[in-house]
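Asks: First the structure, then my questions, so here it is.
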Amino acid sequence: MGLRGGPPRPAEPGGPALRFSGVVHRYRSIVALDHLDLEVARGETLALLGPNGAGKSTAISILLGIQRAQEGEVSVLGTDPRSAMASGKVGAMLQVGGGSGLPHGVKVRDLLSMTARLYRNPAPVARTLARSGLTELADRQTQRLSGGQAQRVRFALAIAGDPELVFLDEPTIAMDVEGRRSFWAMMRQFSTEGRTVVFATHHLDEVDAVADRIVVIRKGAVVANGAASTIKAAVPTRRVRFASKGVDPARLRELDGVNAACVRGSQVVLDSLDADATVRALVASGVSFTDIEVTGADLEQAFVALTSDLAEAHTVDDAVAPAYSAPIRRPPASRTAP
Ligand SMILES: Nc1ncnc2c1ncn2[C@@H]1O[C@H](COP(=O)(O)OP(=O)(O)O)[C@@H](O)[C@H]1O
Ligand SMILES: [Mg+2]
């Protein structure tokens with residue numbers, strides 16, 4: 001099948017796991033999805049990354065057939081979202097308001113068997129327990145689980161039907177570092193069984209290791225698409241650190257190229273889109289400093305640069321612009337130092 005006129009790709013069995021083309025979704029005057037285009041291959045683990053309000057949950061609810069796209073086309077496992085859901089091949093872990101979202105007074109194993117019965121071809125409960133690291137907790141009542149354990153049960157519910165495709169909306173929200181680490185390890189194991197996993201998050205730290213590909217969305221449209229390394233490399237931000245006493249952050253923000261300035265005690269960190277110009281301006285400013293160091297962008301800086309209001313009209317896409325180099329925000333052309 002022709003994919004937007006690109007070079008022919010080897011046919012995937014049954015096509016992509018999901019595809020959005022030109023999807024627009026509004027809540028009254030709020031545009032939640034603004035011509036969103038997205039394709040996820042079968043077996044891929046995709047992180048949908050974006051700040052709060054970017055449209056992640058809206059995209060997932062459309063993929064699940066909970067809401068219908070107002071414009072554009074959506075396909076899931078080669079059919080429309082509702083039919084895909086009805087086939088039992090799609091599982092989901094949605095965002096919950098407060099609490100664990102689990103019913104009380106029921107054992108983990110019983111909750112999973114009840115859920116499995118709703119599916120045509122469920123996984124055996126023992127396998128779901130093992131996949132979610134819950135074998136030891138099978139006889140525990142749901143209200144006696146820790147926050148991280150409850151999230152595992154919610155994951156287990158999402159995979160109880162042995163789905164081909166799983167959506168996880170902010171699955172590690174409110175989990176501690178250890179809880180998140182083991183959650184991702186468990187999810188990674190599940191995805192290596194050839195399942196497609198799409199998860200939304202605004203936590204960047206683990207995405208790097210967990211996802212095959214990252215799609216950054218901002219205001220309902222894709223602003224970056226690629227491996228974490230592509231996204232980091234695409235952003236010209238550099239971090240300039242040094243030690244200085246009693247320096248005014250406002251003054252640092254005025255230096256050429258500086259995007260953000262943070263002062264903690266005597267430690268100063270500047271994010272710069274032109275580290276050379278920043279260092280020159282710093283020297284010219286007469287601020288005294290020691291131990292200066294310039295490093296490349298990490299994923300978090302890349303994310304901030306891509307999703308900030310300064311990022312208008314620039315996109316990073318592996319497929320379209322592998323050698324993206326345009327600055328996201330041009331440093332001021334030339335500002336003479338005071
Ligand atoms: N049910 C709703 N009614 C009105 N506005 C909504 C509703 N759900 C989401 N929005 C708005 O749509 C935008 C996208 O929200 P959402 O998809 O929840 O983003 P995310 O999951 O990335 O935080 C936001 O501006 C949000 O306030
Ligand atoms: Mg959300």
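Lettering and numbering for the structure tokens are positional, with chains as A, B, ... in the shown order, residues counted from 1 in each chain, and ligands counted from 1 in the shown order.
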As number ranges by chain, please: every protein or nucleic acid residue near ligand 2 (cut-off 10 Å, counting only C-alpha atoms and all ligand atoms).

Replies: A: 50-61, 94-96, 169-170, 200-202

Asks: My list of candidates is A:Ala47, A:Leu38, A:Ala302, A:Met186. Which is closest to A:Val198 when distances are computed with only C-alpha atoms?

Replies: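 Closest to A:Val198 of all the choices is A:Ala47.
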
Asks: Residues within 10 Å of A:Gly133, please, as a ChimeraX atom specification. Count only C-alpha atoms; anything in the same chain fewer than 5 positions from it doesn't count.

Replies: /A:127-128,138,149,152-153,156,182-183,185-186

Asks: So which residues touch stretch 227-240 of chain A within 7 Å, counting only C-alpha atoms, skipping near sequence neighbours fewer than 2 positions away, as a PyMOL selection string?

Replies: chain A and resi 208+212-214+224+242+269-273+275+293-299+302+316+324-325+327

Asks: Set the distance at 7 Å and use only C-alpha atoms: which residues neighbour A:Val90 once local chain neighbours fewer than 4 positions away are removed? I'd like the list as a list in words.

Replies: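 In the requested form, the answer reads Ala84, Met85, Pro163, Glu164, Leu165 and Val166 of chain A.
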
Asks: What is the distance, in Å and to one decimal place, between atom CA of A:Ile173 and atom CA of A:Arg42?

Replies: 25.8 Å

Asks: For A:Ala158, please output as a PDB file with C-alpha atoms, in the first residue's frame all residues within 8 Å (counting only C-alpha atoms; exclusion window: fewer than 4 positions along the same chain).

Replies:
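Result file part_25.pdb:
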ATOM      1  CA  GLY A  91      -6.418  -3.284  26.001  1.00  0.00           C
ATOM      2  CA  ALA A  92      -6.177  -0.013  27.859  1.00  0.00           C
ATOM      3  CA  MET A  93      -5.092   1.506  31.119  1.00  0.00           C
ATOM      4  CA  ARG A 154      -4.541  -1.922  36.417  1.00  0.00           C
ATOM      5  CA  VAL A 166      -2.263  -1.799  24.543  1.00  0.00           C
TER       6      VAL A 166
END

Asks: Please provide as a list in words all residues within 7 Å of A:Ser75, with the sequence filter that same-chain residues fewer than 4 positions apart are discarded (counting only C-alpha atoms).

Replies: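 Residues meeting the cut-off are Leu18, Arg19, Phe20, Thr79, Asp80 and Pro81 of chain A.
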
Asks: Closest to ligand 1 among A:Leu204, A:Val216, A:Leu112, A:Leu102, using only C-alpha atoms and all ligand atoms?

Replies: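 Among the listed residues, the smallest separation from ligand 1 belongs to A:Val216.
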
Asks: Apply DSSP to the structure's backbone, then extract all residues of stretch 181-336 of chain A labelled alpha helix (DSSP H) and return them as number ranges by chain.

Replies: A: 181-191, 207-210, 228-234, 249-253, 275-285, 299-307

Asks: I need the residues from that last selection saved to file as a compact mmCIF listing (two decimals), in the first residue's frame (with N, CA and C atoms), if you can.

Replies:
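What ended up in part.txt:
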# COMPACT_ATOMS: atom_id res chain seq x y z
N ARG A 181 10.42 2.11 37.83
CA ARG A 181 11.45 1.28 37.20
C ARG A 181 10.90 -0.13 36.97
N SER A 182 10.26 -0.69 38.01
CA SER A 182 9.80 -2.06 37.83
C SER A 182 8.58 -2.10 36.91
N PHE A 183 7.79 -1.05 36.90
CA PHE A 183 6.65 -1.01 35.98
C PHE A 183 7.15 -1.06 34.53
N TRP A 184 8.15 -0.25 34.22
CA TRP A 184 8.65 -0.20 32.83
C TRP A 184 9.31 -1.52 32.44
N ALA A 185 10.01 -2.14 33.40
CA ALA A 185 10.65 -3.42 33.08
C ALA A 185 9.58 -4.45 32.71
N MET A 186 8.49 -4.44 33.46
CA MET A 186 7.39 -5.37 33.21
C MET A 186 6.74 -5.07 31.85
N MET A 187 6.52 -3.79 31.56
CA MET A 187 5.91 -3.42 30.30
C MET A 187 6.81 -3.76 29.12
N ARG A 188 8.09 -3.56 29.30
CA ARG A 188 9.08 -3.86 28.26
C ARG A 188 9.04 -5.36 27.93
N GLN A 189 8.96 -6.16 28.97
CA GLN A 189 8.89 -7.62 28.79
C GLN A 189 7.66 -7.98 27.94
N PHE A 190 6.54 -7.36 28.29
CA PHE A 190 5.30 -7.63 27.55
C PHE A 190 5.45 -7.21 26.09
N SER A 191 6.08 -6.07 25.85
CA SER A 191 6.19 -5.59 24.47
C SER A 191 7.14 -6.46 23.66
N VAL A 207 11.62 7.35 29.48
CA VAL A 207 11.15 7.15 28.11
C VAL A 207 12.26 6.70 27.18
N ASP A 208 13.40 7.31 27.38
CA ASP A 208 14.60 7.01 26.64
C ASP A 208 14.85 5.51 26.52
N ALA A 209 14.79 4.83 27.64
CA ALA A 209 15.11 3.40 27.67
C ALA A 209 13.93 2.52 27.29
N VAL A 210 12.72 3.05 27.43
CA VAL A 210 11.55 2.20 27.33
C VAL A 210 10.93 2.16 25.94
N ALA A 228 14.95 8.63 20.70
CA ALA A 228 15.36 9.65 21.67
C ALA A 228 16.62 10.36 21.19
N SER A 229 17.56 9.61 20.60
CA SER A 229 18.81 10.23 20.15
C SER A 229 18.55 11.25 19.04
N THR A 230 17.60 10.96 18.16
CA THR A 230 17.26 11.90 17.08
C THR A 230 16.71 13.18 17.67
N ILE A 231 15.84 13.00 18.65
CA ILE A 231 15.19 14.17 19.23
C ILE A 231 16.20 15.03 19.98
N LYS A 232 17.10 14.37 20.69
CA LYS A 232 18.12 15.14 21.41
C LYS A 232 19.04 15.86 20.44
N ALA A 233 19.43 15.15 19.38
CA ALA A 233 20.37 15.73 18.43
C ALA A 233 19.76 16.90 17.66
N ALA A 234 18.42 16.86 17.55
CA ALA A 234 17.75 17.87 16.74
C ALA A 234 17.68 19.22 17.43
N PRO A 249 19.80 36.16 38.33
CA PRO A 249 19.34 35.34 37.19
C PRO A 249 18.79 36.19 36.05
N ALA A 250 18.13 37.31 36.39
CA ALA A 250 17.53 38.15 35.35
C ALA A 250 18.63 38.66 34.40
N ARG A 251 19.77 38.97 34.99
CA ARG A 251 20.88 39.47 34.18
C ARG A 251 21.41 38.35 33.27
N LEU A 252 21.43 37.12 33.80
CA LEU A 252 21.92 35.99 33.00
C LEU A 252 21.00 35.71 31.82
N ARG A 253 19.71 35.90 32.05
CA ARG A 253 18.73 35.63 30.98
C ARG A 253 18.90 36.59 29.80
N ALA A 275 25.95 28.34 22.60
CA ALA A 275 26.82 28.34 23.77
C ALA A 275 28.03 29.26 23.56
N ASP A 276 28.54 29.32 22.32
CA ASP A 276 29.71 30.18 22.07
C ASP A 276 29.36 31.63 22.36
N ALA A 277 28.22 32.07 21.82
CA ALA A 277 27.81 33.47 22.03
C ALA A 277 27.54 33.73 23.51
N THR A 278 26.96 32.72 24.20
CA THR A 278 26.65 32.90 25.62
C THR A 278 27.93 33.09 26.43
N VAL A 279 28.92 32.24 26.15
CA VAL A 279 30.16 32.34 26.91
C VAL A 279 30.85 33.68 26.64
N ARG A 280 30.84 34.09 25.37
CA ARG A 280 31.44 35.41 25.05
C ARG A 280 30.71 36.53 25.79
N ALA A 281 29.40 36.47 25.80
CA ALA A 281 28.61 37.52 26.46
C ALA A 281 28.83 37.48 27.98
N LEU A 282 29.01 36.27 28.49
CA LEU A 282 29.24 36.14 29.94
C LEU A 282 30.56 36.81 30.32
N VAL A 283 31.59 36.56 29.53
CA VAL A 283 32.89 37.17 29.80
C VAL A 283 32.77 38.70 29.70
N ALA A 284 32.10 39.16 28.65
CA ALA A 284 31.96 40.60 28.43
C ALA A 284 31.12 41.27 29.53
N SER A 285 30.24 40.51 30.16
CA SER A 285 29.34 41.10 31.15
C SER A 285 30.06 41.44 32.45
N LEU A 299 17.35 14.74 27.08
CA LEU A 299 16.01 14.63 26.52
C LEU A 299 15.06 15.66 27.12
N GLU A 300 15.27 15.95 28.38
CA GLU A 300 14.38 16.91 29.03
C GLU A 300 14.51 18.31 28.42
N GLN A 301 15.74 18.70 28.16
CA GLN A 301 15.93 20.01 27.53
C GLN A 301 15.33 20.03 26.13
N ALA A 302 15.53 18.92 25.42
CA ALA A 302 14.98 18.82 24.07
C ALA A 302 13.47 18.97 24.13
N PHE A 303 12.88 18.30 25.10
CA PHE A 303 11.42 18.33 25.27
C PHE A 303 10.94 19.75 25.57
N VAL A 304 11.63 20.41 26.47
CA VAL A 304 11.24 21.77 26.82
C VAL A 304 11.37 22.68 25.60
N ALA A 305 12.47 22.51 24.86
CA ALA A 305 12.67 23.35 23.69
C ALA A 305 11.59 23.09 22.64
N LEU A 306 11.20 21.83 22.49
CA LEU A 306 10.23 21.48 21.45
C LEU A 306 8.81 21.87 21.81
N THR A 307 8.52 21.92 23.09
CA THR A 307 7.13 22.14 23.48
C THR A 307 6.89 23.54 24.03

Asks: Would you work out the distance separating atom CA of A:Pro103 from atom CA of A:Asp176, expressed in Å to one decimal?

Replies: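 It comes out at 22.7 Å.
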
Asks: Which one of A:Gly226, A:Gly220, A:Gly246, A:Gly105 sits closest to ligand 1 if you count only C-alpha atoms and all ligand atoms?

Replies: A:Gly220

Asks: Out of A:Arg68, A:Asp291, A:Ala86, A:Arg218, which residue has the shortest atom-to-atom distance to ligand 1 when counting only C-alpha atoms and all ligand atoms?

Replies: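 Distance minimum relative to ligand 1 lands on A:Arg218.
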
Asks: Give me, please, the distance in Å between atom CA of A:His35 and atom CA of A:Val223, quoted to one decimal.

Replies: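 Result for atom CA of A:His35 versus atom CA of A:Val223: 11.9 Å, one decimal.
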
Asks: Between A:Glu39, A:Asp256, A:Asp248, A:Asp274, which has the minimum distance to A:Ser288 (counting only C-alpha atoms)?

Replies: A:Asp248
